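Visitor: Encoded as structure tokens, here's the structure I'll be asking about.
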Amino acid sequence: MTDDSAPAHGTWEPHPAARWEDGFLSGNGHHGALVFGDPNDERVVVTHHTLVRPNGRDPRPPQLAADLPALQDRLLAGDTTAAESFTDGRPLQWVQPFHPAFQIRLRRPPGDCPGYRRDVDFTTGVVRAACTGWNSRLFVSRADDVIVRQVTGPGLTLDIDLDHRLPGAPAGLGVGHGAVLTPEGALLSLRARYPDSDLACTGVTLLAVTGGTTTLTPPGVHVEGARSVLLLTRVHRHTGELDVVAEGRALRDLLTGYDELLGRHAALHRTAYERVTLDLAADPAERALPGSELLKRPRSAALLERLFAAGRYHLLSASGLFPPRLTGLWTGDWNTAWSGAFTNDANLNLQTASAAAAALPEVTEAHANLIHRQLPDWRDNARAVFGTRGAVAPAHTDGESGHSYHFSREYPLHLWTAGADWLLKPLVDHDETHGTRDPRTAAALAEAALFYEDFLTRTDEDGRLVVVPSYSPENRPANASWGTLNAAMDLSAARHALRTAAACHPGPDADRWQALADRLPPHRINEDGALAEWAWPGLEDSYDHRHLSHLYGVWPLDEITPYDTPELAAAAHRALELRGAENDSAHGHLHHALIAARLRDGDRVAHALGQVLDGDFFHASLMSAHYPNRNVYNADAAHTLPAVLIEMLVQSTPDRLVLLPALPTAYPSGALRGVRTRFGAEIDLTWSPDGAAAVIRPGRTHRVELRTSSGTESLHLAAGEDHALTLREW
């Protein structure tokens with residue numbers, strides 16, 4: 001962060017984080033660490049993707065298949081509220097809520113802390129706090145799956161313990177502490193058993209103390225006169241009791257120097273983080289500012305550079321065992337909004353939207369991990385609700401169950417059939433980018449196609465297939481109930497799933513699936529000239545809504561583009577113009593920006609970005625909130641923003657490259673380096689008021705169509721041969 005001629009790859013603050021929301025973050029996609037607190041009482045909140053609290057839910061999908069034909073008859077006959085009774089009568093059930101494990105507290109004797117500074121280095125994942133007399137460093141190792149923390153200074157005096165007392169912690173937690181001295185220092189443990197459950201989470205911290213003395217002060221230890229203290233921490237969710245002694249031995253086996261532990265981790269983390277960079281030619285003086293000061297300048301190019309860097313850093317750090325939750329991998333409160341779930345009907349795909357282009361296959365692999373471990377549950381959903389073969393994805397999951405059991409009258413999420421295609425689309429993008437075909441993705445696409453083969457049996461008066469029941473998350477027609485017919489998202493998803501599965505499985509299956517896709521109805525343009533959210537005649541649009549499910553064909557699909565389907569693209573643009581922001585959710589604004597970028601509307605991209613940048617959505621940690629004024633800790637804005645910035649600069653399909661399609665005028669100069677395309681090339685793009693240039697590094701030989709504001713041309717790209725472009729107009 002010392003080179004003023006380059007964007008900052010980290011952020012810093014001159015003051016401690018009094019709120020956990022402002023704490024700097026580190027993670028390896030399994031464990032997370034959130035560092036905050038007074039310098040004389042520093043706290044690290046430990047999290048893990050598996051930590052979800054049992055809540056007594058019934059995880060079975062509703063057994064409704066026998067009643068489906070009658071529901072379809074009623075909806076086709078014009079009964080607009082028929083789907084409201086298509087449930088098994090259970091009340092709304094949330095998935096198991098994500099929660100923190102505990103906090104590691106390091107207390108020092110009271111005193112001044114001159115020269116205090118805290119920072120996080122995005123290139124290494126190291127969170128540091130320091131002042132005269134001590135230095136604290138922490139990272140979460142990708143190599144060893146352990147939280148590593150080191151405190152150094154002359155004559156350190158510290159009280160260290162594991163503390164479960166975080167906001168919202170249930171009163172009935174069965175808490176047990178352990179503290180024993182060891183040859184290297186001490187071993188601390190904390191077990192928290194959930195109320196009325198045999199499930200628990202247990203954290204273990206090994207202390208290696210250099211110099212001084214270590215004494216037990218249950219439930220922690222007191223260190224006096226040490227030169228350094230190294231802490232290694234892991235947490236496990238388990239049944240019964242965890243063998244703390246065995247876990248202590250496993251941590252002891254890792255004991256080497258801090259620098260060696262960091263080196264193993266940084267080799268993995270740095271390689272991923274540094275693949276893509278964005279430079280917006282920002283003011284060097286602004287680049288040097290602490291994040292909290294930069295956030296007061298919402299139109300600063302330096303702020304957008306840092307949010308891009310932070311977004312990729314946090315997205316990578318939250319992705320491993322699973323992709324990011326609504327809160328990424330972090331929370332300091334047991335009462336996590338919306339259960340801290342994976343919300344599949346918008347948020348998860350928005351957060352991971354940059355993975356392929358921003359060269360983070362680690363994120364896509366985490367996304368694939370979640371899908372493939374839950375496919376058996378998706379099959380249960382298809383059988384139970386619809387009586388079909390194949391797979392239907394849930395709208396919410398806690399990571400354990402993939403069953404559809406979160407639904408109600410106002411949110412009939414069990415009727416959402418587009419989920420499998422929507423969630424598989426990032427895996428398809430990954431395969432196109434890398435020129436491979438993952439057999440797991442191909443098999444899952446076949447299951448989506450099998451579902452549609454069994455489900456799409458009803459037709460309209462023109463012989464076109466009807467999606468019935470149909471649901472557009474999380475909206476309803478102005479003149480009908482939520483469960484209805486021919487939602488635009490459902491039509492796009494069915495077409496895409498069938499055709500993509502057919503491409504993966506040539507032969508008789510492909511022929512059937514292509515024929516089925518061809519029988520689906522086209523999108524409808526309503527009386528306002530907008531692409532209708534429901535293609536069924538007579539259903540009226542509800543424009544003021546945070547979701548933009550009906551524009552799935554524009555982003556992330558390539559079904560509707562200004563180049564191939566200009567009339568539909570114009571209707572989609574009109575639909576975007578008419579869309580309200582409803583409750584100002586961050587994901588709604590940035591979803592709007594992604595679609596606007598595909599439709600080449602740089603002014604609309606700038607407006608949507610401005611709603612977020614002006615709305616005080618970002619904490620000093622550069623993690624974001626769901627609502628303006630930093631209301632409700634949530635990763636949507638932080639993780640989605642890099643995708644918006646890439647889409648306004650570079651877009652690709654397997655056969656097309658679009659350069660600078662929607663660049664806001666506020667950023668007249670810059671460079672985006674290392675971005676990947678879906679035809680297997682890496683691109684460095686630079687632009688200024690005098691023109692633009694690109695260097696394309698193809699990984700495979702291919703002919704693509706180049707689109708710029710100057711027009712269209714054909715490019716023949718040869719594998720291994722750099723191709724340089726100069727654009728005088730853009």
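Identifiers in this document derive from the order of the structure tokens: chains are assigned A, B, ..., residues are numbered from 1 separately in each chain, and ligands are numbered from 1 in order of occurrence.
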Fewer than 5 positions away in the same chain doesn't count, so skip those; otherwise give me all residues within 8 Å of A:Glu582, counting only C-alpha atoms, as an NGL selection string.
Guide: :A and (544-546)
Visitor: Convert the current residue selection to file output with C-alpha atoms, as a PDB file, in the first residue's frame.
Guide:
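Wrote again28.pdb, looks like this:
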ATOM      1  CA  ASP A 544     -41.535  -1.438  -7.626  1.00  0.00           C
ATOM      2  CA  HIS A 545     -39.515  -4.463  -6.551  1.00  0.00           C
ATOM      3  CA  ARG A 546     -35.914  -5.148  -5.524  1.00  0.00           C
TER       4      ARG A 546
END
Visitor: Just want the 10 Å neighbourhood of A:Glu577, counted on only C-alpha atoms, with same-chain residues fewer than 2 positions away dropped. Output as a PDB file with all heavy atoms, in the first residue's frame.
Guide:
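Okay, this is what ended up in out.pdb:
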ATOM      1  N   ALA A 530     -42.465  -2.747 -22.256  1.00  0.00           N
ATOM      2  CA  ALA A 530     -41.456  -3.399 -21.421  1.00  0.00           C
ATOM      3  C   ALA A 530     -41.575  -4.908 -21.518  1.00  0.00           C
ATOM      4  O   ALA A 530     -42.673  -5.457 -21.724  1.00  0.00           O
ATOM      5  CB  ALA A 530     -41.623  -2.966 -19.969  1.00  0.00           C
ATOM      6  N   TYR A 543     -43.972  -3.084 -10.758  1.00  0.00           N
ATOM      7  CA  TYR A 543     -42.661  -2.548 -11.102  1.00  0.00           C
ATOM      8  C   TYR A 543     -41.769  -2.242  -9.901  1.00  0.00           C
ATOM      9  O   TYR A 543     -40.541  -2.292 -10.018  1.00  0.00           O
ATOM     10  CB  TYR A 543     -42.817  -1.282 -11.937  1.00  0.00           C
ATOM     11  CG  TYR A 543     -43.343  -1.519 -13.332  1.00  0.00           C
ATOM     12  CD1 TYR A 543     -44.464  -0.836 -13.806  1.00  0.00           C
ATOM     13  CD2 TYR A 543     -42.720  -2.424 -14.189  1.00  0.00           C
ATOM     14  CE1 TYR A 543     -44.940  -1.037 -15.091  1.00  0.00           C
ATOM     15  CE2 TYR A 543     -43.187  -2.642 -15.469  1.00  0.00           C
ATOM     16  CZ  TYR A 543     -44.305  -1.948 -15.918  1.00  0.00           C
ATOM     17  OH  TYR A 543     -44.773  -2.165 -17.193  1.00  0.00           O
ATOM     18  N   ALA A 571     -37.027  -3.810 -25.112  1.00  0.00           N
ATOM     19  CA  ALA A 571     -38.096  -4.058 -24.141  1.00  0.00           C
ATOM     20  C   ALA A 571     -37.515  -4.319 -22.754  1.00  0.00           C
ATOM     21  O   ALA A 571     -38.077  -3.879 -21.739  1.00  0.00           O
ATOM     22  CB  ALA A 571     -38.943  -5.244 -24.598  1.00  0.00           C
ATOM     23  N   ALA A 572     -36.401  -5.019 -22.699  1.00  0.00           N
ATOM     24  CA  ALA A 572     -35.746  -5.257 -21.419  1.00  0.00           C
ATOM     25  C   ALA A 572     -35.248  -3.942 -20.824  1.00  0.00           C
ATOM     26  O   ALA A 572     -35.347  -3.710 -19.609  1.00  0.00           O
ATOM     27  CB  ALA A 572     -34.589  -6.233 -21.594  1.00  0.00           C
ATOM     28  N   HIS A 573     -34.718  -3.067 -21.669  1.00  0.00           N
ATOM     29  CA  HIS A 573     -34.254  -1.771 -21.203  1.00  0.00           C
ATOM     30  C   HIS A 573     -35.413  -0.944 -20.662  1.00  0.00           C
ATOM     31  O   HIS A 573     -35.286  -0.266 -19.624  1.00  0.00           O
ATOM     32  CB  HIS A 573     -33.552  -1.018 -22.333  1.00  0.00           C
ATOM     33  CG  HIS A 573     -32.831   0.209 -21.878  1.00  0.00           C
ATOM     34  ND1 HIS A 573     -33.424   1.453 -21.843  1.00  0.00           N
ATOM     35  CD2 HIS A 573     -31.567   0.373 -21.413  1.00  0.00           C
ATOM     36  CE1 HIS A 573     -32.553   2.344 -21.389  1.00  0.00           C
ATOM     37  NE2 HIS A 573     -31.419   1.715 -21.129  1.00  0.00           N
ATOM     38  N   ARG A 574     -36.558  -1.033 -21.340  1.00  0.00           N
ATOM     39  CA  ARG A 574     -37.742  -0.321 -20.849  1.00  0.00           C
ATOM     40  C   ARG A 574     -38.184  -0.892 -19.498  1.00  0.00           C
ATOM     41  O   ARG A 574     -38.555  -0.134 -18.584  1.00  0.00           O
ATOM     42  CB  ARG A 574     -38.874  -0.444 -21.873  1.00  0.00           C
ATOM     43  CG  ARG A 574     -40.168   0.242 -21.476  1.00  0.00           C
ATOM     44  CD  ARG A 574     -39.995   1.741 -21.332  1.00  0.00           C
ATOM     45  NE  ARG A 574     -41.255   2.401 -21.013  1.00  0.00           N
ATOM     46  CZ  ARG A 574     -41.339   3.513 -20.282  1.00  0.00           C
ATOM     47  NH1 ARG A 574     -40.246   4.090 -19.816  1.00  0.00           N
ATOM     48  NH2 ARG A 574     -42.509   4.063 -20.033  1.00  0.00           N
ATOM     49  N   ALA A 575     -38.109  -2.197 -19.346  1.00  0.00           N
ATOM     50  CA  ALA A 575     -38.454  -2.820 -18.063  1.00  0.00           C
ATOM     51  C   ALA A 575     -37.515  -2.333 -16.964  1.00  0.00           C
ATOM     52  O   ALA A 575     -37.932  -2.111 -15.812  1.00  0.00           O
ATOM     53  CB  ALA A 575     -38.392  -4.338 -18.185  1.00  0.00           C
ATOM     54  N   ARG A 579     -38.372  -0.134 -13.447  1.00  0.00           N
ATOM     55  CA  ARG A 579     -38.204  -0.864 -12.196  1.00  0.00           C
ATOM     56  C   ARG A 579     -37.877   0.079 -11.058  1.00  0.00           C
ATOM     57  O   ARG A 579     -36.950   0.902 -11.145  1.00  0.00           O
ATOM     58  CB  ARG A 579     -37.080  -1.894 -12.336  1.00  0.00           C
ATOM     59  CG  ARG A 579     -37.153  -3.023 -11.309  1.00  0.00           C
ATOM     60  CD  ARG A 579     -38.379  -3.869 -11.567  1.00  0.00           C
ATOM     61  NE  ARG A 579     -38.385  -5.125 -10.827  1.00  0.00           N
ATOM     62  CZ  ARG A 579     -39.282  -6.084 -11.034  1.00  0.00           C
ATOM     63  NH1 ARG A 579     -40.229  -5.914 -11.943  1.00  0.00           N
ATOM     64  NH2 ARG A 579     -39.246  -7.193 -10.330  1.00  0.00           N
ATOM     65  N   GLY A 580     -38.619  -0.021  -9.963  1.00  0.00           N
ATOM     66  CA  GLY A 580     -38.313   0.741  -8.764  1.00  0.00           C
ATOM     67  C   GLY A 580     -37.256   0.045  -7.933  1.00  0.00           C
ATOM     68  O   GLY A 580     -36.847  -1.082  -8.213  1.00  0.00           O
ATOM     69  N   HIS A 592     -29.366  -4.395 -10.896  1.00  0.00           N
ATOM     70  CA  HIS A 592     -29.783  -3.406 -11.895  1.00  0.00           C
ATOM     71  C   HIS A 592     -28.573  -2.975 -12.738  1.00  0.00           C
ATOM     72  O   HIS A 592     -28.648  -2.895 -13.978  1.00  0.00           O
ATOM     73  CB  HIS A 592     -30.388  -2.204 -11.162  1.00  0.00           C
ATOM     74  CG  HIS A 592     -31.110  -1.235 -12.026  1.00  0.00           C
ATOM     75  ND1 HIS A 592     -32.463  -0.981 -11.907  1.00  0.00           N
ATOM     76  CD2 HIS A 592     -30.677  -0.424 -13.025  1.00  0.00           C
ATOM     77  CE1 HIS A 592     -32.817  -0.064 -12.802  1.00  0.00           C
ATOM     78  NE2 HIS A 592     -31.754   0.291 -13.483  1.00  0.00           N
ATOM     79  N   ALA A 596     -27.961  -3.347 -16.739  1.00  0.00           N
ATOM     80  CA  ALA A 596     -27.734  -2.123 -17.518  1.00  0.00           C
ATOM     81  C   ALA A 596     -26.435  -2.218 -18.321  1.00  0.00           C
ATOM     82  O   ALA A 596     -26.368  -1.760 -19.472  1.00  0.00           O
ATOM     83  CB  ALA A 596     -27.693  -0.912 -16.585  1.00  0.00           C
ATOM     84  N   ARG A 604     -26.962   4.469 -16.699  1.00  0.00           N
ATOM     85  CA  ARG A 604     -27.762   3.708 -15.732  1.00  0.00           C
ATOM     86  C   ARG A 604     -26.850   2.908 -14.796  1.00  0.00           C
ATOM     87  O   ARG A 604     -27.144   2.753 -13.615  1.00  0.00           O
ATOM     88  CB  ARG A 604     -28.756   2.807 -16.471  1.00  0.00           C
ATOM     89  CG  ARG A 604     -29.769   2.135 -15.581  1.00  0.00           C
ATOM     90  CD  ARG A 604     -30.954   1.610 -16.372  1.00  0.00           C
ATOM     91  NE  ARG A 604     -31.773   2.707 -16.859  1.00  0.00           N
ATOM     92  CZ  ARG A 604     -32.689   3.343 -16.131  1.00  0.00           C
ATOM     93  NH1 ARG A 604     -32.900   2.986 -14.881  1.00  0.00           N
ATOM     94  NH2 ARG A 604     -33.391   4.316 -16.655  1.00  0.00           N
TER      95      ARG A 604
END
Visitor: Taking 6 positions as the minimum chain separation for residues in the same chain, which residues sit within 12 Å of A:Glu647 when counting only C-alpha atoms? Answer as a ChimeraX atom specification.
Guide: /A:353-354,356-358,555-556,590-591,593-602,605,640-641,653,657-664,672,675-677
Visitor: If you keep N, CA, C and O atoms, can you produce a file of those selected residues as a short mmCIF file (atom, residue, chain, number, x, y, z; two decimals), in the first residue's frame?
Guide:
data_model
loop_
_atom_site.label_atom_id
_atom_site.label_comp_id
_atom_site.auth_asym_id
_atom_site.auth_seq_id
_atom_site.Cartn_x
_atom_site.Cartn_y
_atom_site.Cartn_z
N ALA A 353 -20.78 -13.44 -9.00
CA ALA A 353 -20.91 -13.11 -10.42
C ALA A 353 -19.58 -12.84 -11.11
O ALA A 353 -19.47 -13.02 -12.32
N SER A 354 -18.57 -12.41 -10.37
CA SER A 354 -17.29 -12.08 -11.00
C SER A 354 -16.36 -13.28 -11.10
O SER A 354 -15.27 -13.16 -11.68
N ALA A 356 -15.76 -16.12 -12.75
CA ALA A 356 -15.12 -16.56 -13.99
C ALA A 356 -14.27 -15.45 -14.59
O ALA A 356 -13.08 -15.64 -14.89
N ALA A 357 -14.84 -14.26 -14.75
CA ALA A 357 -14.12 -13.17 -15.41
C ALA A 357 -12.98 -12.64 -14.54
O ALA A 357 -11.93 -12.25 -15.05
N ALA A 358 -13.18 -12.62 -13.23
CA ALA A 358 -12.16 -12.09 -12.32
C ALA A 358 -11.15 -13.14 -11.90
O ALA A 358 -10.39 -12.94 -10.95
N TRP A 555 -29.03 -10.80 -18.17
CA TRP A 555 -27.90 -11.16 -17.30
C TRP A 555 -28.38 -12.19 -16.30
O TRP A 555 -29.40 -11.98 -15.67
N PRO A 556 -27.67 -13.28 -16.16
CA PRO A 556 -26.38 -13.62 -16.76
C PRO A 556 -26.47 -14.40 -18.08
O PRO A 556 -25.44 -14.71 -18.66
N LEU A 590 -27.27 -3.34 -7.48
CA LEU A 590 -26.16 -3.87 -8.27
C LEU A 590 -26.62 -4.87 -9.31
O LEU A 590 -26.01 -4.99 -10.38
N HIS A 591 -27.72 -5.59 -9.05
CA HIS A 591 -28.33 -6.42 -10.09
C HIS A 591 -28.78 -5.53 -11.25
O HIS A 591 -28.57 -5.86 -12.43
N ALA A 593 -27.44 -2.72 -12.07
CA ALA A 593 -26.24 -2.27 -12.79
C ALA A 593 -25.71 -3.34 -13.73
O ALA A 593 -25.27 -3.03 -14.85
N LEU A 594 -25.74 -4.61 -13.30
CA LEU A 594 -25.26 -5.69 -14.16
C LEU A 594 -26.09 -5.80 -15.44
O LEU A 594 -25.56 -5.98 -16.54
N ILE A 595 -27.40 -5.66 -15.30
CA ILE A 595 -28.28 -5.74 -16.47
C ILE A 595 -28.08 -4.52 -17.36
O ILE A 595 -28.02 -4.62 -18.59
N ALA A 596 -27.96 -3.35 -16.74
CA ALA A 596 -27.73 -2.12 -17.52
C ALA A 596 -26.44 -2.22 -18.32
O ALA A 596 -26.37 -1.76 -19.47
N ALA A 597 -25.40 -2.81 -17.74
CA ALA A 597 -24.14 -2.95 -18.46
C ALA A 597 -24.31 -3.83 -19.69
O ALA A 597 -23.78 -3.51 -20.77
N ARG A 598 -25.07 -4.92 -19.57
CA ARG A 598 -25.30 -5.79 -20.72
C ARG A 598 -26.08 -5.06 -21.81
O ARG A 598 -25.93 -5.35 -23.00
N LEU A 599 -26.89 -4.07 -21.41
CA LEU A 599 -27.69 -3.31 -22.37
C LEU A 599 -26.99 -2.03 -22.82
O LEU A 599 -27.60 -1.17 -23.44
N ARG A 600 -25.71 -1.92 -22.48
CA ARG A 600 -24.84 -0.83 -22.94
C ARG A 600 -25.29 0.55 -22.43
O ARG A 600 -25.10 1.56 -23.12
N ASP A 601 -25.82 0.61 -21.23
CA ASP A 601 -26.30 1.87 -20.68
C ASP A 601 -25.38 2.30 -19.54
O ASP A 601 -25.61 2.00 -18.37
N GLY A 602 -24.30 3.02 -19.88
CA GLY A 602 -23.34 3.45 -18.89
C GLY A 602 -23.91 4.42 -17.88
O GLY A 602 -23.53 4.42 -16.70
N VAL A 605 -25.74 2.39 -15.32
CA VAL A 605 -24.75 1.72 -14.45
C VAL A 605 -24.25 2.71 -13.41
O VAL A 605 -24.17 2.39 -12.21
N THR A 640 -20.49 -8.24 -4.95
CA THR A 640 -21.05 -8.07 -6.29
C THR A 640 -20.38 -6.94 -7.05
O THR A 640 -20.29 -6.98 -8.29
N LEU A 641 -19.89 -5.94 -6.34
CA LEU A 641 -19.36 -4.75 -7.00
C LEU A 641 -18.26 -5.06 -8.02
O LEU A 641 -18.25 -4.48 -9.12
N THR A 653 -18.88 -13.80 -24.53
CA THR A 653 -19.59 -15.07 -24.67
C THR A 653 -18.57 -16.02 -25.30
O THR A 653 -17.45 -15.61 -25.60
N LEU A 657 -16.64 -10.82 -28.03
CA LEU A 657 -15.95 -9.95 -27.08
C LEU A 657 -16.51 -8.55 -27.22
O LEU A 657 -16.57 -8.01 -28.33
N VAL A 658 -16.94 -7.96 -26.12
CA VAL A 658 -17.45 -6.59 -26.12
C VAL A 658 -16.53 -5.77 -25.22
O VAL A 658 -16.34 -6.10 -24.04
N LEU A 659 -15.95 -4.72 -25.76
CA LEU A 659 -15.04 -3.87 -25.00
C LEU A 659 -15.68 -2.52 -24.71
O LEU A 659 -16.28 -1.89 -25.58
N LEU A 660 -15.56 -2.09 -23.47
CA LEU A 660 -16.03 -0.79 -22.99
C LEU A 660 -17.50 -0.55 -23.37
O LEU A 660 -17.85 0.49 -23.92
N PRO A 661 -18.39 -1.48 -23.03
CA PRO A 661 -19.80 -1.32 -23.43
C PRO A 661 -20.57 -0.31 -22.62
O PRO A 661 -21.57 0.24 -23.10
N ALA A 662 -20.15 -0.03 -21.36
CA ALA A 662 -20.99 0.79 -20.50
C ALA A 662 -20.15 1.56 -19.49
O ALA A 662 -20.49 1.62 -18.31
N LEU A 663 -19.07 2.17 -19.94
CA LEU A 663 -18.18 2.87 -19.02
C LEU A 663 -18.78 4.21 -18.63
O LEU A 663 -19.03 5.06 -19.48
N PRO A 664 -19.00 4.45 -17.32
CA PRO A 664 -19.48 5.76 -16.89
C PRO A 664 -18.45 6.85 -17.22
O PRO A 664 -17.23 6.62 -17.15
N LEU A 672 -7.69 -2.42 -16.75
CA LEU A 672 -8.18 -3.67 -16.16
C LEU A 672 -7.28 -4.76 -16.70
O LEU A 672 -7.22 -4.97 -17.91
N VAL A 675 -8.27 -10.00 -16.79
CA VAL A 675 -9.64 -10.50 -16.85
C VAL A 675 -9.74 -11.66 -17.85
O VAL A 675 -9.04 -11.69 -18.86
N ARG A 676 -10.58 -12.64 -17.54
CA ARG A 676 -10.75 -13.83 -18.39
C ARG A 676 -12.03 -13.74 -19.20
O ARG A 676 -13.00 -13.11 -18.78
N THR A 677 -12.01 -14.41 -20.35
CA THR A 677 -13.19 -14.43 -21.22
C THR A 677 -13.71 -15.85 -21.37
O THR A 677 -12.99 -16.82 -21.12
#
Visitor: List every residue of stretch 245-425 of chain A that DSSP, applied to the backbone of this structure, places in strand (DSSP E), and write the result as a PyMOL selection string.
Guide: chain A and resi 277-279+342-343+396-397
Visitor: Write out, as a Markdown table, each residue of stretch 115-162 of chain A that has an atom at most 10 Å from stretch 186-204 of chain A, together with the closest pair of atoms and their distance in Å to one decimal, counting only C-alpha atoms, rows going by chain and rising number.
Guide:
| residue | atom | partner | partner_atom | distance |
| --- | --- | --- | --- | --- |
| A:Ile160 | CA | A:Leu188 | CA | 9.1 |
| A:Asp161 | CA | A:Leu188 | CA | 7.4 |
| A:Leu162 | CA | A:Leu190 | CA | 6.5 |
Visitor: Need to verify the contact set: A:Phe122, 8 Å, only C-alpha atoms, exclusion of same-chain residues closer than 4 positions in sequence. Can you return it as number ranges by chain?
Guide: A: 9-10, 126, 273, 309-310, 313
Visitor: Determine the nearest neighbour of A:Gly133 from the options A:Asp79, A:Val148, A:Leu242, A:Ser228, counting only C-alpha atoms.
Guide: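 Among the listed residues, A:Ser228 lies closest to A:Gly133.
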Visitor: With only C-alpha atoms as the basis for distance, which of A:Pro7, A:Pro61, A:Pro170, A:Gly178 is at the shortest distance from A:Val245?
Guide: A:Gly178
Visitor: Select, from A:Arg312, A:Arg105, A:Arg495, A:Arg53, the residue with the minimum atom-to-atom distance to A:Gly37, counting only C-alpha atoms.
Guide: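 Looking only at the distances to A:Gly37, the closest residue turns out to be A:Arg105.
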Visitor: Quick one: everything within 12 Å of A:Gly111, counting only C-alpha atoms, minus sequence neighbours fewer than 4 positions away in the same chain. Send it as a PDB file with C-alpha atoms, in the first residue's frame.
Guide:
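What follows is the written file result31.pdb:
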ATOM      1  CA  ASP A  38      -9.759  -1.754  21.931  1.00  0.00           C
ATOM      2  CA  PRO A  39      -5.972  -2.172  21.634  1.00  0.00           C
ATOM      3  CA  ASN A  40      -5.919  -3.174  25.318  1.00  0.00           C
ATOM      4  CA  ASP A  41      -8.761  -5.658  24.781  1.00  0.00           C
ATOM      5  CA  ARG A 107      -6.172  -8.124  27.316  1.00  0.00           C
ATOM      6  CA  CYS A 131       1.321   0.679  18.310  1.00  0.00           C
ATOM      7  CA  THR A 132       4.486   1.530  20.185  1.00  0.00           C
ATOM      8  CA  GLY A 133       5.522  -1.574  22.094  1.00  0.00           C
TER       9      GLY A 133
END
Visitor: Return as a PyMOL selection string the full set of residues in stretch 65-309 of chain A whose backbone-based DSSP assignment is helix (DSSP H, G or I).
Guide: chain A and resi 65-76+82-85+244-252+258-273+284-287+291-294+301-309
Visitor: Env of A:Leu278: 7 Å cut, atoms = only C-alpha atoms, seq-sep filter 5 positions within chain, self excluded. Answer as number ranges by chain.
Guide: A: 305, 671-673
Visitor: Considering only C-alpha atoms, return as an mmCIF file with C-alpha atoms, in the first residue's frame whatever protein or nucleic-acid residues lie within 6 Å of stretch 366-370 of chain A, sequence-local ones (same chain, fewer than 2 positions apart) excluded.
Guide:
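This is the output file out.cif:
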data_model
loop_
_atom_site.group_PDB
_atom_site.id
_atom_site.type_symbol
_atom_site.label_atom_id
_atom_site.label_comp_id
_atom_site.auth_asym_id
_atom_site.auth_seq_id
_atom_site.Cartn_x
_atom_site.Cartn_y
_atom_site.Cartn_z
ATOM 1 C CA SER A 319 -15.024 -19.277 -0.549
ATOM 2 C CA GLY A 320 -13.764 -22.793 0.062
ATOM 3 C CA LEU A 321 -15.922 -25.405 1.728
ATOM 4 C CA PHE A 322 -18.883 -23.324 0.526
ATOM 5 C CA PRO A 323 -19.301 -20.088 -1.435
ATOM 6 C CA VAL A 363 -14.972 -19.366 -5.846
ATOM 7 C CA THR A 364 -16.610 -21.446 -8.570
ATOM 8 C CA HIS A 372 -23.065 -31.306 -5.811
ATOM 9 C CA ARG A 373 -23.360 -32.272 -2.159
#
Visitor: Return the single residue from A:Leu498, A:Val428, A:Met489, A:Ala355 that is closest to A:Tyr452, with distances computed using only C-alpha atoms.
Guide: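 Closest to A:Tyr452, using only C-alpha atoms: A:Leu498.
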Visitor: Smallest atom-to-atom distance to A:His587: which of A:Leu551, A:Ser472, A:Leu348, A:Pro508, using only C-alpha atoms?
Guide: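 Under the stated criterion, the closest residue is A:Leu348.
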Visitor: Out of A:Ala510, A:Ala285, A:Leu727, A:Leu75, which residue has the shortest atom-to-atom distance to A:Ala6 when counting only C-alpha atoms?
Guide: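 Closest candidate: A:Ala285.
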Visitor: Can you work out the spacing between atom CA of A:Arg57 and atom CA of A:Gln93 in Å, to one decimal?
Guide: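 Interatomic distance here is 6.3 Å.
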